[in-house]
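Peer 1: This is start-v8.cif (mmCIF, C-alpha atoms and all ligand atoms).
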data_query
loop_
_atom_site.group_PDB
_atom_site.id
_atom_site.type_symbol
_atom_site.label_atom_id
_atom_site.label_comp_id
_atom_site.auth_asym_id
_atom_site.auth_seq_id
_atom_site.Cartn_x
_atom_site.Cartn_y
_atom_site.Cartn_z
ATOM 1 C CA MET V 18 7.480 48.324 -9.284
ATOM 2 C CA LYS V 19 4.740 49.816 -11.447
ATOM 3 C CA THR V 20 1.580 49.875 -9.324
ATOM 4 C CA ILE V 21 2.102 49.705 -5.596
ATOM 5 C CA LEU V 22 -0.313 49.012 -2.722
ATOM 6 C CA VAL V 23 0.837 50.495 0.610
ATOM 7 C CA THR V 24 -0.789 49.415 3.901
ATOM 8 C CA GLY V 25 -0.512 51.641 6.958
ATOM 9 C CA ALA V 26 -0.403 54.584 4.539
ATOM 10 C CA LEU V 27 -1.347 57.125 7.199
ATOM 11 C CA GLY V 28 1.308 55.968 9.659
ATOM 12 C CA GLN V 29 4.729 57.399 10.399
ATOM 13 C CA ILE V 30 6.482 55.739 7.451
ATOM 14 C CA GLY V 31 3.486 55.298 5.164
ATOM 15 C CA SER V 32 2.427 58.941 5.002
ATOM 16 C CA GLU V 33 5.831 59.991 3.659
ATOM 17 C CA LEU V 34 6.475 56.888 1.582
ATOM 18 C CA VAL V 35 3.185 57.247 -0.307
ATOM 19 C CA MET V 36 4.041 60.841 -1.239
ATOM 20 C CA LYS V 37 7.526 59.851 -2.372
ATOM 21 C CA LEU V 38 6.305 56.839 -4.371
ATOM 22 C CA ARG V 39 3.638 59.007 -6.038
ATOM 23 C CA SER V 40 6.302 61.502 -7.103
ATOM 24 C CA LEU V 41 8.406 58.687 -8.597
ATOM 25 C CA TYR V 42 5.849 56.250 -10.051
ATOM 26 C CA GLY V 43 2.865 58.551 -10.711
ATOM 27 C CA GLU V 44 -0.043 59.487 -8.471
ATOM 28 C CA ASP V 45 -2.429 56.869 -9.901
ATOM 29 C CA HIS V 46 0.126 54.073 -9.488
ATOM 30 C CA VAL V 47 0.279 54.183 -5.701
ATOM 31 C CA VAL V 48 -2.753 52.914 -3.768
ATOM 32 C CA GLY V 49 -2.720 54.133 -0.176
ATOM 33 C CA THR V 50 -4.644 51.994 2.322
ATOM 34 C CA ASP V 51 -5.141 52.381 6.051
ATOM 35 C CA ILE V 52 -7.646 51.348 8.692
ATOM 36 C CA ARG V 53 -8.525 55.022 9.087
ATOM 37 C CA SER V 54 -10.861 56.579 6.548
ATOM 38 C CA ASN V 55 -9.713 60.200 6.764
ATOM 39 C CA ALA V 56 -6.939 60.240 4.156
ATOM 40 C CA ASP V 57 -7.793 63.765 3.021
ATOM 41 C CA ASP V 58 -7.036 65.246 6.434
ATOM 42 C CA LEU V 59 -3.607 63.682 6.508
ATOM 43 C CA GLY V 60 -2.317 65.133 3.285
ATOM 44 C CA ILE V 61 -1.087 62.098 1.374
ATOM 45 C CA GLY V 62 -2.148 63.571 -1.945
ATOM 46 C CA GLY V 63 -4.928 62.910 -4.388
ATOM 47 C CA GLY V 64 -4.131 59.404 -5.665
ATOM 48 C CA PRO V 65 -6.204 56.283 -4.971
ATOM 49 C CA TYR V 66 -7.026 55.556 -1.343
ATOM 50 C CA GLU V 67 -8.974 52.654 0.199
ATOM 51 C CA THR V 68 -9.903 51.890 3.780
ATOM 52 C CA LEU V 69 -8.376 48.524 4.678
ATOM 53 C CA ASP V 70 -8.201 46.554 7.897
ATOM 54 C CA VAL V 71 -5.300 44.249 7.006
ATOM 55 C CA THR V 72 -6.773 41.412 9.072
ATOM 56 C CA ASP V 73 -9.507 41.202 6.387
ATOM 57 C CA GLY V 74 -7.767 38.978 3.841
ATOM 58 C CA LYS V 75 -10.574 39.066 1.273
ATOM 59 C CA ARG V 76 -10.659 42.846 1.115
ATOM 60 C CA PHE V 77 -6.823 42.960 0.967
ATOM 61 C CA LEU V 78 -6.893 40.700 -2.109
ATOM 62 C CA ASP V 79 -9.864 42.514 -3.683
ATOM 63 C CA ILE V 80 -8.062 45.871 -3.487
ATOM 64 C CA GLY V 81 -4.942 44.313 -4.978
ATOM 65 C CA LYS V 82 -7.013 42.898 -7.863
ATOM 66 C CA LYS V 83 -8.997 46.099 -8.393
ATOM 67 C CA TYR V 84 -5.856 48.154 -9.013
ATOM 68 C CA ARG V 85 -3.826 45.306 -10.613
ATOM 69 C CA VAL V 86 -0.955 45.971 -8.233
ATOM 70 C CA ASP V 87 2.450 44.422 -8.823
ATOM 71 C CA ALA V 88 4.009 45.369 -5.470
ATOM 72 C CA VAL V 89 2.736 45.411 -1.884
ATOM 73 C CA ILE V 90 4.519 47.464 0.776
ATOM 74 C CA HIS V 91 3.038 46.231 4.021
ATOM 75 C CA LEU V 92 3.559 48.728 6.847
ATOM 76 C CA ALA V 93 0.445 48.278 9.014
ATOM 77 C CA ALA V 94 1.459 47.010 12.468
ATOM 78 C CA LEU V 95 1.403 47.849 16.168
ATOM 79 C CA LEU V 96 4.759 49.169 17.463
ATOM 80 C CA SER V 97 6.686 47.822 20.454
ATOM 81 C CA ALA V 98 5.249 49.663 23.462
ATOM 82 C CA LYS V 99 1.642 49.384 22.256
ATOM 83 C CA ALA V 100 2.184 45.712 21.474
ATOM 84 C CA GLU V 101 3.472 45.110 24.999
ATOM 85 C CA ALA V 102 0.273 46.655 26.387
ATOM 86 C CA GLN V 103 -1.970 44.552 24.099
ATOM 87 C CA PRO V 104 -0.020 41.410 23.153
ATOM 88 C CA GLN V 105 -2.960 39.363 21.838
ATOM 89 C CA ARG V 106 -4.205 42.216 19.648
ATOM 90 C CA ALA V 107 -0.654 42.868 18.424
ATOM 91 C CA TRP V 108 -0.129 39.226 17.453
ATOM 92 C CA HIS V 109 -3.430 39.213 15.547
ATOM 93 C CA LEU V 110 -2.807 42.483 13.712
ATOM 94 C CA ASN V 111 0.898 41.972 12.989
ATOM 95 C CA MET V 112 0.740 38.304 11.994
ATOM 96 C CA THR V 113 -2.700 37.948 10.380
ATOM 97 C CA GLY V 114 -2.057 41.174 8.492
ATOM 98 C CA LEU V 115 1.280 39.831 7.273
ATOM 99 C CA VAL V 116 -0.170 36.482 6.185
ATOM 100 C CA ASN V 117 -2.933 38.304 4.286
ATOM 101 C CA GLY V 118 -0.344 40.515 2.586
ATOM 102 C CA LEU V 119 1.797 37.535 1.622
ATOM 103 C CA GLU V 120 -1.235 35.644 0.313
ATOM 104 C CA THR V 121 -2.255 38.664 -1.784
ATOM 105 C CA ALA V 122 1.285 38.840 -3.163
ATOM 106 C CA ARG V 123 1.287 35.107 -3.883
ATOM 107 C CA GLU V 124 -2.050 35.176 -5.724
ATOM 108 C CA LEU V 125 -1.257 38.296 -7.728
ATOM 109 C CA HIS V 126 2.446 37.516 -8.335
ATOM 110 C CA CYS V 127 3.509 40.729 -6.619
ATOM 111 C CA GLN V 128 6.736 41.868 -5.073
ATOM 112 C CA PHE V 129 6.316 42.149 -1.320
ATOM 113 C CA PHE V 130 8.067 44.378 1.234
ATOM 114 C CA ALA V 131 7.677 43.930 4.992
ATOM 115 C CA PRO V 132 9.706 45.865 7.547
ATOM 116 C CA SER V 133 11.363 44.045 10.397
ATOM 117 C CA SER V 134 13.068 45.962 13.204
ATOM 118 C CA ILE V 135 15.957 46.124 15.662
ATOM 119 C CA ALA V 136 13.274 44.638 17.940
ATOM 120 C CA ALA V 137 13.884 41.267 16.261
ATOM 121 C CA PHE V 138 16.937 40.965 18.529
ATOM 122 C CA GLY V 139 16.995 40.218 22.244
ATOM 123 C CA PRO V 140 19.205 40.217 25.339
ATOM 124 C CA SER V 141 21.236 37.177 24.207
ATOM 125 C CA THR V 142 22.100 38.829 20.851
ATOM 126 C CA PRO V 143 25.612 40.378 20.567
ATOM 127 C CA GLN V 144 24.867 43.993 21.535
ATOM 128 C CA ASP V 145 27.492 45.923 19.558
ATOM 129 C CA GLN V 146 27.744 45.861 15.766
ATOM 130 C CA THR V 147 25.150 43.084 15.824
ATOM 131 C CA PRO V 148 25.767 40.869 12.777
ATOM 132 C CA GLN V 149 23.160 40.215 10.076
ATOM 133 C CA ASP V 150 22.893 36.540 10.968
ATOM 134 C CA THR V 151 22.985 35.973 14.718
ATOM 135 C CA ILE V 152 21.017 34.876 17.789
ATOM 136 C CA GLN V 153 17.424 36.194 17.766
ATOM 137 C CA ARG V 154 15.536 35.532 20.977
ATOM 138 C CA PRO V 155 13.491 38.738 21.510
ATOM 139 C CA THR V 156 11.662 39.192 24.802
ATOM 140 C CA THR V 157 8.909 41.515 23.516
ATOM 141 C CA LEU V 158 5.746 40.452 21.714
ATOM 142 C CA TYR V 159 6.558 42.944 18.965
ATOM 143 C CA GLY V 160 9.979 41.314 18.538
ATOM 144 C CA VAL V 161 8.381 37.864 18.418
ATOM 145 C CA THR V 162 6.117 39.029 15.570
ATOM 146 C CA LYS V 163 9.120 40.528 13.769
ATOM 147 C CA VAL V 164 11.219 37.332 13.901
ATOM 148 C CA SER V 165 8.171 35.291 12.880
ATOM 149 C CA GLY V 166 7.591 37.707 10.012
ATOM 150 C CA GLU V 167 11.198 37.482 8.829
ATOM 151 C CA LEU V 168 10.944 33.685 8.738
ATOM 152 C CA LEU V 169 7.551 33.720 7.039
ATOM 153 C CA CYS V 170 8.769 36.085 4.310
ATOM 154 C CA ASP V 171 11.776 33.816 3.690
ATOM 155 C CA TYR V 172 9.388 30.848 3.563
ATOM 156 C CA TYR V 173 7.097 32.479 0.991
ATOM 157 C CA TYR V 174 10.113 33.174 -1.206
ATOM 158 C CA GLN V 175 11.524 29.662 -0.921
ATOM 159 C CA ARG V 176 8.226 27.774 -1.021
ATOM 160 C CA PHE V 177 6.098 29.867 -3.394
ATOM 161 C CA GLY V 178 8.643 32.051 -5.202
ATOM 162 C CA VAL V 179 7.101 35.298 -3.905
ATOM 163 C CA ASP V 180 9.650 38.108 -4.394
ATOM 164 C CA THR V 181 9.785 39.099 -0.720
ATOM 165 C CA ARG V 182 12.188 41.772 0.497
ATOM 166 C CA GLY V 183 12.666 43.653 3.767
ATOM 167 C CA VAL V 184 14.894 45.523 6.189
ATOM 168 C CA ARG V 185 15.299 45.735 9.950
ATOM 169 C CA PHE V 186 14.476 49.383 10.566
ATOM 170 C CA PRO V 187 16.056 51.186 13.496
ATOM 171 C CA GLY V 188 14.176 53.996 15.274
ATOM 172 C CA LEU V 189 12.942 56.393 12.590
ATOM 173 C CA ILE V 190 13.009 60.154 13.085
ATOM 174 C CA SER V 191 10.864 62.563 11.118
ATOM 175 C CA TYR V 192 9.171 65.953 11.379
ATOM 176 C CA VAL V 193 6.126 64.983 9.290
ATOM 177 C CA THR V 194 3.978 62.311 10.983
ATOM 178 C CA PRO V 195 4.685 61.353 14.613
ATOM 179 C CA PRO V 196 5.272 57.688 15.447
ATOM 180 C CA GLY V 197 2.710 55.971 17.670
ATOM 181 C CA GLY V 198 3.574 53.663 20.527
ATOM 182 C CA GLY V 199 7.220 52.813 19.872
ATOM 183 C CA THR V 200 10.171 52.653 22.252
ATOM 184 C CA THR V 201 12.354 54.908 20.089
ATOM 185 C CA ASP V 202 9.672 57.657 19.904
ATOM 186 C CA TYR V 203 11.629 59.783 22.430
ATOM 187 C CA ALA V 204 14.131 60.578 19.681
ATOM 188 C CA VAL V 205 11.351 62.302 17.721
ATOM 189 C CA GLU V 206 9.640 63.956 20.700
ATOM 190 C CA ILE V 207 12.888 65.501 21.918
ATOM 191 C CA TYR V 208 13.111 67.667 18.771
ATOM 192 C CA TYR V 209 9.484 68.845 18.992
ATOM 193 C CA HIS V 210 9.975 69.741 22.673
ATOM 194 C CA ALA V 211 13.313 71.439 21.979
ATOM 195 C CA VAL V 212 11.681 73.773 19.467
ATOM 196 C CA GLN V 213 8.517 74.390 21.512
ATOM 197 C CA HIS V 214 9.641 74.348 25.151
ATOM 198 C CA LYS V 215 13.478 74.229 25.155
ATOM 199 C CA LYS V 216 13.286 71.245 27.508
ATOM 200 C CA TYR V 217 12.436 67.554 27.395
ATOM 201 C CA THR V 218 11.941 64.765 29.939
ATOM 202 C CA SER V 219 13.165 61.450 28.541
ATOM 203 C CA TYR V 220 11.475 58.168 29.412
ATOM 204 C CA ILE V 221 14.623 56.361 28.262
ATOM 205 C CA ALA V 222 17.588 56.428 30.675
ATOM 206 C CA ALA V 223 20.937 58.086 30.017
ATOM 207 C CA GLY V 224 23.459 55.749 28.451
ATOM 208 C CA THR V 225 20.866 53.639 26.593
ATOM 209 C CA LYS V 226 22.077 53.473 23.007
ATOM 210 C CA MET V 227 19.815 52.451 20.127
ATOM 211 C CA ASP V 228 20.125 52.558 16.338
ATOM 212 C CA MET V 229 18.345 55.404 14.563
ATOM 213 C CA MET V 230 17.813 56.765 11.050
ATOM 214 C CA TYR V 231 16.364 59.920 9.493
ATOM 215 C CA MET V 232 13.186 59.274 7.503
ATOM 216 C CA PRO V 233 14.534 60.343 4.059
ATOM 217 C CA ASP V 234 17.153 57.590 4.335
ATOM 218 C CA ALA V 235 14.509 55.037 5.373
ATOM 219 C CA LEU V 236 12.358 55.900 2.338
ATOM 220 C CA ASP V 237 15.329 55.717 -0.022
ATOM 221 C CA ALA V 238 16.416 52.374 1.451
ATOM 222 C CA THR V 239 12.941 50.869 0.969
ATOM 223 C CA ILE V 240 12.733 51.911 -2.681
ATOM 224 C CA GLN V 241 16.349 50.993 -3.390
ATOM 225 C CA LEU V 242 15.881 47.475 -2.023
ATOM 226 C CA MET V 243 12.624 46.983 -3.955
ATOM 227 C CA GLU V 244 14.389 48.043 -7.167
ATOM 228 C CA ALA V 245 17.593 46.067 -6.442
ATOM 229 C CA ASP V 246 18.793 43.400 -8.852
ATOM 230 C CA PRO V 247 17.487 40.146 -7.295
ATOM 231 C CA THR V 248 20.507 38.186 -8.480
ATOM 232 C CA LYS V 249 22.682 40.278 -6.138
ATOM 233 C CA LEU V 250 20.564 39.509 -3.056
ATOM 234 C CA VAL V 251 21.990 36.793 -0.839
ATOM 235 C CA HIS V 252 19.602 37.749 1.952
ATOM 236 C CA ARG V 253 16.174 38.886 0.853
ATOM 237 C CA ASN V 254 14.440 39.837 4.052
ATOM 238 C CA ALA V 255 15.437 41.525 7.264
ATOM 239 C CA PHE V 256 18.558 43.382 6.150
ATOM 240 C CA ASN V 257 20.192 45.213 9.072
ATOM 241 C CA ILE V 258 20.193 48.939 8.282
ATOM 242 C CA SER V 259 21.201 51.841 10.511
ATOM 243 C CA ALA V 260 22.549 55.361 10.097
ATOM 244 C CA MET V 261 23.588 56.236 13.654
ATOM 245 C CA SER V 262 23.498 54.961 17.211
ATOM 246 C CA PHE V 263 22.932 57.282 20.151
ATOM 247 C CA ALA V 264 21.685 57.624 23.730
ATOM 248 C CA PRO V 265 19.383 60.468 24.925
ATOM 249 C CA GLU V 266 22.317 62.594 26.142
ATOM 250 C CA ASP V 267 23.953 62.397 22.692
ATOM 251 C CA VAL V 268 20.942 63.818 20.867
ATOM 252 C CA ALA V 269 20.541 66.416 23.653
ATOM 253 C CA ALA V 270 24.160 67.513 23.128
ATOM 254 C CA ALA V 271 23.551 67.880 19.377
ATOM 255 C CA ILE V 272 20.469 70.024 20.127
ATOM 256 C CA GLN V 273 22.347 72.108 22.731
ATOM 257 C CA THR V 274 24.987 73.184 20.202
ATOM 258 C CA ARG V 275 22.070 74.738 18.241
ATOM 259 C CA ILE V 276 19.736 75.679 21.154
ATOM 260 C CA PRO V 277 22.088 76.332 24.114
ATOM 261 C CA GLU V 278 19.234 76.789 26.653
ATOM 262 C CA PHE V 279 17.856 73.291 25.930
ATOM 263 C CA VAL V 280 17.620 71.141 29.096
ATOM 264 C CA LEU V 281 17.242 67.342 29.209
ATOM 265 C CA THR V 282 15.849 65.634 32.321
ATOM 266 C CA TYR V 283 14.824 62.027 32.930
ATOM 267 C CA ASP V 284 11.717 60.240 34.203
ATOM 268 C CA VAL V 285 12.360 56.667 33.128
ATOM 269 C CA ASP V 286 9.433 54.470 32.082
ATOM 270 C CA PRO V 287 10.344 50.946 33.275
ATOM 271 C CA VAL V 288 8.413 49.199 30.479
ATOM 272 C CA ARG V 289 10.019 51.049 27.589
ATOM 273 C CA GLN V 290 13.412 51.064 29.334
ATOM 274 C CA ARG V 291 13.303 47.269 29.617
ATOM 275 C CA ILE V 292 12.423 47.014 25.928
ATOM 276 C CA ALA V 293 15.257 49.374 24.963
ATOM 277 C CA GLU V 294 17.792 47.440 27.042
ATOM 278 C CA SER V 295 16.837 44.210 25.289
ATOM 279 C CA TRP V 296 17.731 45.699 21.879
ATOM 280 C CA PRO V 297 21.254 46.119 20.452
ATOM 281 C CA ASN V 298 23.398 49.208 21.022
ATOM 282 C CA SER V 299 24.321 49.210 17.331
ATOM 283 C CA ILE V 300 23.767 46.881 14.375
ATOM 284 C CA ASP V 301 26.078 46.088 11.453
ATOM 285 C CA PRO V 302 24.523 47.016 8.077
ATOM 286 C CA SER V 303 27.335 45.635 5.904
ATOM 287 C CA CYS V 304 25.209 43.003 4.104
ATOM 288 C CA ALA V 305 22.807 45.772 2.959
ATOM 289 C CA VAL V 306 25.808 47.824 1.837
ATOM 290 C CA ASP V 307 27.358 44.926 -0.090
ATOM 291 C CA GLU V 308 24.219 43.399 -1.609
ATOM 292 C CA TRP V 309 22.227 46.469 -2.716
ATOM 293 C CA GLY V 310 24.336 49.536 -2.010
ATOM 294 C CA PHE V 311 22.634 50.889 1.136
ATOM 295 C CA ARG V 312 24.194 54.266 1.969
ATOM 296 C CA PRO V 313 22.417 56.666 4.370
ATOM 297 C CA ARG V 314 22.985 60.401 3.851
ATOM 298 C CA TYR V 315 22.199 61.743 7.326
ATOM 299 C CA ASP V 316 24.184 61.442 10.553
ATOM 300 C CA LEU V 317 23.195 62.911 13.953
ATOM 301 C CA GLU V 318 24.562 66.385 13.111
ATOM 302 C CA SER V 319 22.978 66.778 9.677
ATOM 303 C CA MET V 320 19.701 65.252 10.876
ATOM 304 C CA THR V 321 19.586 67.657 13.836
ATOM 305 C CA ASP V 322 20.144 70.640 11.540
ATOM 306 C CA ASP V 323 17.337 69.538 9.250
ATOM 307 C CA MET V 324 14.870 68.513 11.994
ATOM 308 C CA LEU V 325 15.195 71.807 13.859
ATOM 309 C CA GLN V 326 14.919 73.856 10.683
ATOM 310 C CA LYS V 327 11.856 71.950 9.438
ATOM 311 C CA LEU V 328 10.106 72.006 12.826
ATOM 312 C CA ARG V 329 10.650 75.765 13.108
ATOM 313 C CA ILE V 330 9.078 76.219 9.683
ATOM 314 C CA LYS V 331 6.192 73.920 10.690
ATOM 315 C CA ARG V 332 5.600 75.993 13.852
ATOM 316 C CA GLY V 333 6.012 79.267 11.958
ATOM 317 C CA THR V 334 8.851 80.475 14.211
HETATM 318 N N1 LIG R 401 10.733 52.172 16.349
HETATM 319 C C1 LIG R 401 10.145 50.911 16.705
HETATM 320 C C2 LIG R 401 9.668 50.898 18.101
HETATM 321 O O1 LIG R 401 10.229 51.621 18.903
HETATM 322 C C3 LIG R 401 11.123 49.800 16.504
HETATM 323 O O2 LIG R 401 10.814 49.110 15.360
HETATM 324 O O3 LIG R 401 8.792 50.160 18.419
#
For this file, produce the structure as structure tokens.
Ligand code: SER

Peer 2:
Amino acid sequence: MKTILVTGALGQIGSELVMKLRSLYGEDHVVGTDIRSNADDLGIGGGPYETLDVTDGKRFLDIGKKYRVDAVIHLAALLSAKAEAQPQRAWHLNMTGLVNGLETARELHCQFFAPSSIAAFGPSTPQDQTPQDTIQRPTTLYGVTKVSGELLCDYYYQRFGVDTRGVRFPGLISYVTPPGGGTTDYAVEIYYHAVQHKKYTSYIAAGTKMDMMYMPDALDATIQLMEADPTKLVHRNAFNISAMSFAPEDVAAAIQTRIPEFVLTYDVDPVRQRIAESWPNSIDPSCAVDEWGFRPRYDLESMTDDMLQKLRIKRGT
């Protein structure tokens, strides 16, 4: 990658990825784009920034041409809970945006990264150590767009030779930019509430395990896969990756060893609970390990140490 266009640059992943890419590839070589126009307020640095609604294919291509990009990292999408509330809008944004990104990559001969998700699995998928290649019959609209996206990225590689790559992200935890409208968001909120109020009410029920990862590992994985030797890649898109699997009471216990007064209660949201139950308990990342050396640095303990420390600094306490 030399000059990279990032969509969804003000989102949970994008805001941190743009900063990291700018530190590695140079500020002028990373073009941040987002549907919002207030990049300055969100602190993603002083490099190029363009307002882009990814459903506008002409503007997508024009921005790619203007900056002569050679890689597109396409992050703009609606997350699972929001998509369930607005399925038609989610299909349009997630799929039209993806097609426009792939077409831009095809025309400009770019590398292309699109994230899939643990949401690409469903209730009939093996729930523990879910294999890379297995049954995928998701029951959420978000999951349907993710499976469709995985297939479409494979198709663009096979049919047009576009260098598509991607991972299935688990829930991502970070202290920088909050996620918006996901099912795994509780695992971020719980840390903010622990630091601010010493208590949290979870909308996900006790015993509901999902895969998770700390943001620094997600950023490293994205860059590592984009820089991986293509001859080593058997799969190209939708690599299972995960760093840990936990239920709400597990993360609460990790917080309680550091903040003993912390109290976890439950008020389960049936919509997000149903989504969570349709996803695996844990996925098997061994293809990512074997094909491009995926190796996360953070587990629940080290992530909890870092999250609490960084959130205390952020709050000035
Ligand atoms: N974290 C996402 C969500 O909860 C999963 O990709 O929607």

Peer 1: Once the PyMOL selection byres (((chain V and resi 212) around 10) and not hetatm) has been applied to the shown file, what residues remain in the selection, as JSON, numbers by chain?

Peer 2: {"V": [207, 208, 209, 210, 211, 213, 214, 215, 216, 272, 276, 279, 324, 325, 326, 328, 329, 332, 334]}

Peer 1: Figure out the distance between atom CA of Gly49 of chain V and atom CA of Gly64 of chain V, please, to one decimal in Å.

Peer 2: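 Computing the Euclidean distance for atom CA of Gly64 of chain V and atom CA of Gly49 of chain V yields 7.7 Å.
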
Peer 1: Near Ser40 of chain V, counting all atoms listed in the file, which residues have an atom at most 12 Å away, once you skip same-chain residues fewer than 4 positions from it, shown as a PyMOL selection string?

Peer 2: chain V and resi 33-36+44-47+61-64

Peer 1: Set the cut-off to 10 Å, count only C-alpha atoms and all ligand atoms, and list whatever residues fall near ligand LIG 401 (chain R) as a PyMOL selection string.

Peer 2: chain V and resi 29+94-101+132-137+159-160+163+185-190+196-204+227-230+289+292-293+296

Peer 1: Could you state which residues are captured by the PyMOL selection byres (((chain V and resi 127) around 6) and not hetatm) in this file, as a list in words?

Peer 2: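 Selected by the PyMOL selection byres (((chain V and resi 127) around 6) and not hetatm) here: Asp87, Ala88, Ala122, Leu125, His126 and Gln128 of chain V.
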
Peer 1: Give me, as a ChimeraX atom specification, all polymer residues having an atom no more than 12 Å from His109 of chain V, counting all atoms listed in the file and skipping those fewer than 3 positions away in the same chain.

Peer 2: /V:70-73,93-95,100,103-106,112-117,158-159,162

Peer 1: Can you list what the PyMOL selection byres (((chain V and resi 48) around 12) and not hetatm) grabs from this structure, as a ChimeraX atom specification?

Peer 2: /V:19-27,31-32,34-36,38-39,42-47,49-51,56,61-69,77,80-91

Peer 1: Restricting the calculation to only C-alpha atoms: of V:Asp301, V:Asp267, V:Asp307, V:Asp237, which residue gets closest to Ala223 of chain V?

Peer 2: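 Ranking V:Asp301, V:Asp267, V:Asp307, V:Asp237 by distance to Ala223 of chain V, first place goes to V:Asp267.
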
Peer 1: Which residue gives the smallest distance to Thr274 of chain V among V:Gln153, V:Gln175, V:Thr321, V:Gln144, with only C-alpha atoms counted?

Peer 2: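 Answer, going by the shortest atom-to-atom distance: V:Thr321.
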
Peer 1: Restricting the calculation to only C-alpha atoms, which member of V:Pro195, V:Pro297, V:Pro233, V:Gly183 is positioned closest to Leu250 of chain V?

Peer 2: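 Comparing V:Pro195, V:Pro297, V:Pro233, V:Gly183 against Leu250 of chain V, the winner is V:Gly183.
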
Peer 1: Enclose segment 122-137 of chain V, meaning all of its atoms listed in the file, in a box aligned along x, y and z, pad it by 3 Å on each side, and list the centre and edge lengths in Å to one decimal, as lines of an AutoDock Vina configuration file.

Peer 2:
center_x = 7.0
center_y = 40.6
center_z = 4.8
size_x = 24.0
size_y = 17.0
size_z = 32.3

Peer 1: Kindly give the distance, in Å, that separates atom CA of Ala305 of chain V and atom CA of Ser141 of chain V, rounded to a single decimal.

Peer 2: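 The value is 23.0 Å.
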
Peer 1: If we count all atoms listed in the file and set the cut-off at 8 Å, which residues sit around segment 262-266 of chain V, ignoring sequence neighbours fewer than 2 positions away in its own chain? Please answer as a ChimeraX atom specification.

Peer 2: /V:204,219,221-229,259-260,268-270,281,298-299

Peer 1: Report, in Å to a single decimal, how far apart atom CA of Pro313 of chain V and atom CA of Lys327 of chain V are.

Peer 2: 19.3 Å

Peer 1: Could you check which of V:Val179, V:Ala131, V:Leu78, V:Ala235 is closest to Ala255 of chain V, using all atoms listed in the file?

Peer 2: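 The closest residue to Ala255 of chain V is V:Ala131.
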
Peer 1: Counting only C-alpha atoms, which of V:Arg176, V:Lys75, V:Arg291, V:Arg312 gets nearest to Leu236 of chain V?

Peer 2: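 Of the candidates, the smallest distance to Leu236 of chain V is held by V:Arg312.
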
Peer 1: Closest to Thr218 of chain V among V:Gln273, V:Asp150, V:Val285, V:Arg76, using all atoms listed in the file?

Peer 2: V:Val285

Peer 1: Applying 12 Å and all atoms listed in the file, which residues near Ser303 of chain V remain after dropping the ones on its own chain fewer than 6 positions away? List them as a PyMOL selection string.

Peer 2: chain V and resi 146-150+252+256-260+309-312

Peer 1: Emit a file covering segment 187-198 of chain V of the preceding structure with N, CA and C atoms, as an mmCIF file, in the first residue's frame.

Peer 2:
data_model
loop_
_atom_site.group_PDB
_atom_site.id
_atom_site.type_symbol
_atom_site.label_atom_id
_atom_site.label_comp_id
_atom_site.auth_asym_id
_atom_site.auth_seq_id
_atom_site.Cartn_x
_atom_site.Cartn_y
_atom_site.Cartn_z
ATOM 1 N N PRO V 187 -14.319 -9.745 15.289
ATOM 2 C CA PRO V 187 -15.197 -9.966 16.444
ATOM 3 C C PRO V 187 -15.617 -8.602 16.994
ATOM 4 N N GLY V 188 -16.243 -8.559 18.165
ATOM 5 C CA GLY V 188 -16.529 -7.282 18.813
ATOM 6 C C GLY V 188 -15.221 -6.564 19.106
ATOM 7 N N LEU V 189 -15.170 -5.266 18.784
ATOM 8 C CA LEU V 189 -13.918 -4.517 18.956
ATOM 9 C C LEU V 189 -14.053 -3.537 20.115
ATOM 10 N N ILE V 190 -13.028 -3.529 20.967
ATOM 11 C CA ILE V 190 -13.067 -2.738 22.196
ATOM 12 C C ILE V 190 -11.983 -1.678 22.141
ATOM 13 N N SER V 191 -12.384 -0.430 22.435
ATOM 14 C CA SER V 191 -11.425 0.662 22.348
ATOM 15 C C SER V 191 -11.845 1.803 23.262
ATOM 16 N N TYR V 192 -10.887 2.621 23.661
ATOM 17 C CA TYR V 192 -11.190 3.771 24.519
ATOM 18 C C TYR V 192 -11.220 5.069 23.711
ATOM 19 N N VAL V 193 -11.046 4.989 22.391
ATOM 20 C CA VAL V 193 -10.921 6.215 21.598
ATOM 21 C C VAL V 193 -12.289 6.665 21.067
ATOM 22 N N THR V 194 -12.823 5.952 20.085
ATOM 23 C CA THR V 194 -14.106 6.329 19.484
ATOM 24 C C THR V 194 -15.131 5.248 19.812
ATOM 25 N N PRO V 195 -16.271 5.604 20.393
ATOM 26 C CA PRO V 195 -17.257 4.568 20.736
ATOM 27 C C PRO V 195 -17.865 3.947 19.485
ATOM 28 N N PRO V 196 -18.253 2.663 19.576
ATOM 29 C CA PRO V 196 -18.957 2.042 18.457
ATOM 30 C C PRO V 196 -20.370 2.606 18.389
ATOM 31 N N GLY V 197 -21.068 2.372 17.300
ATOM 32 C CA GLY V 197 -22.442 2.894 17.197
ATOM 33 C C GLY V 197 -23.390 1.847 16.674
ATOM 34 N N GLY V 198 -24.229 1.304 17.534
ATOM 35 C CA GLY V 198 -25.316 0.453 17.068
ATOM 36 C C GLY V 198 -24.967 -1.000 16.857
#
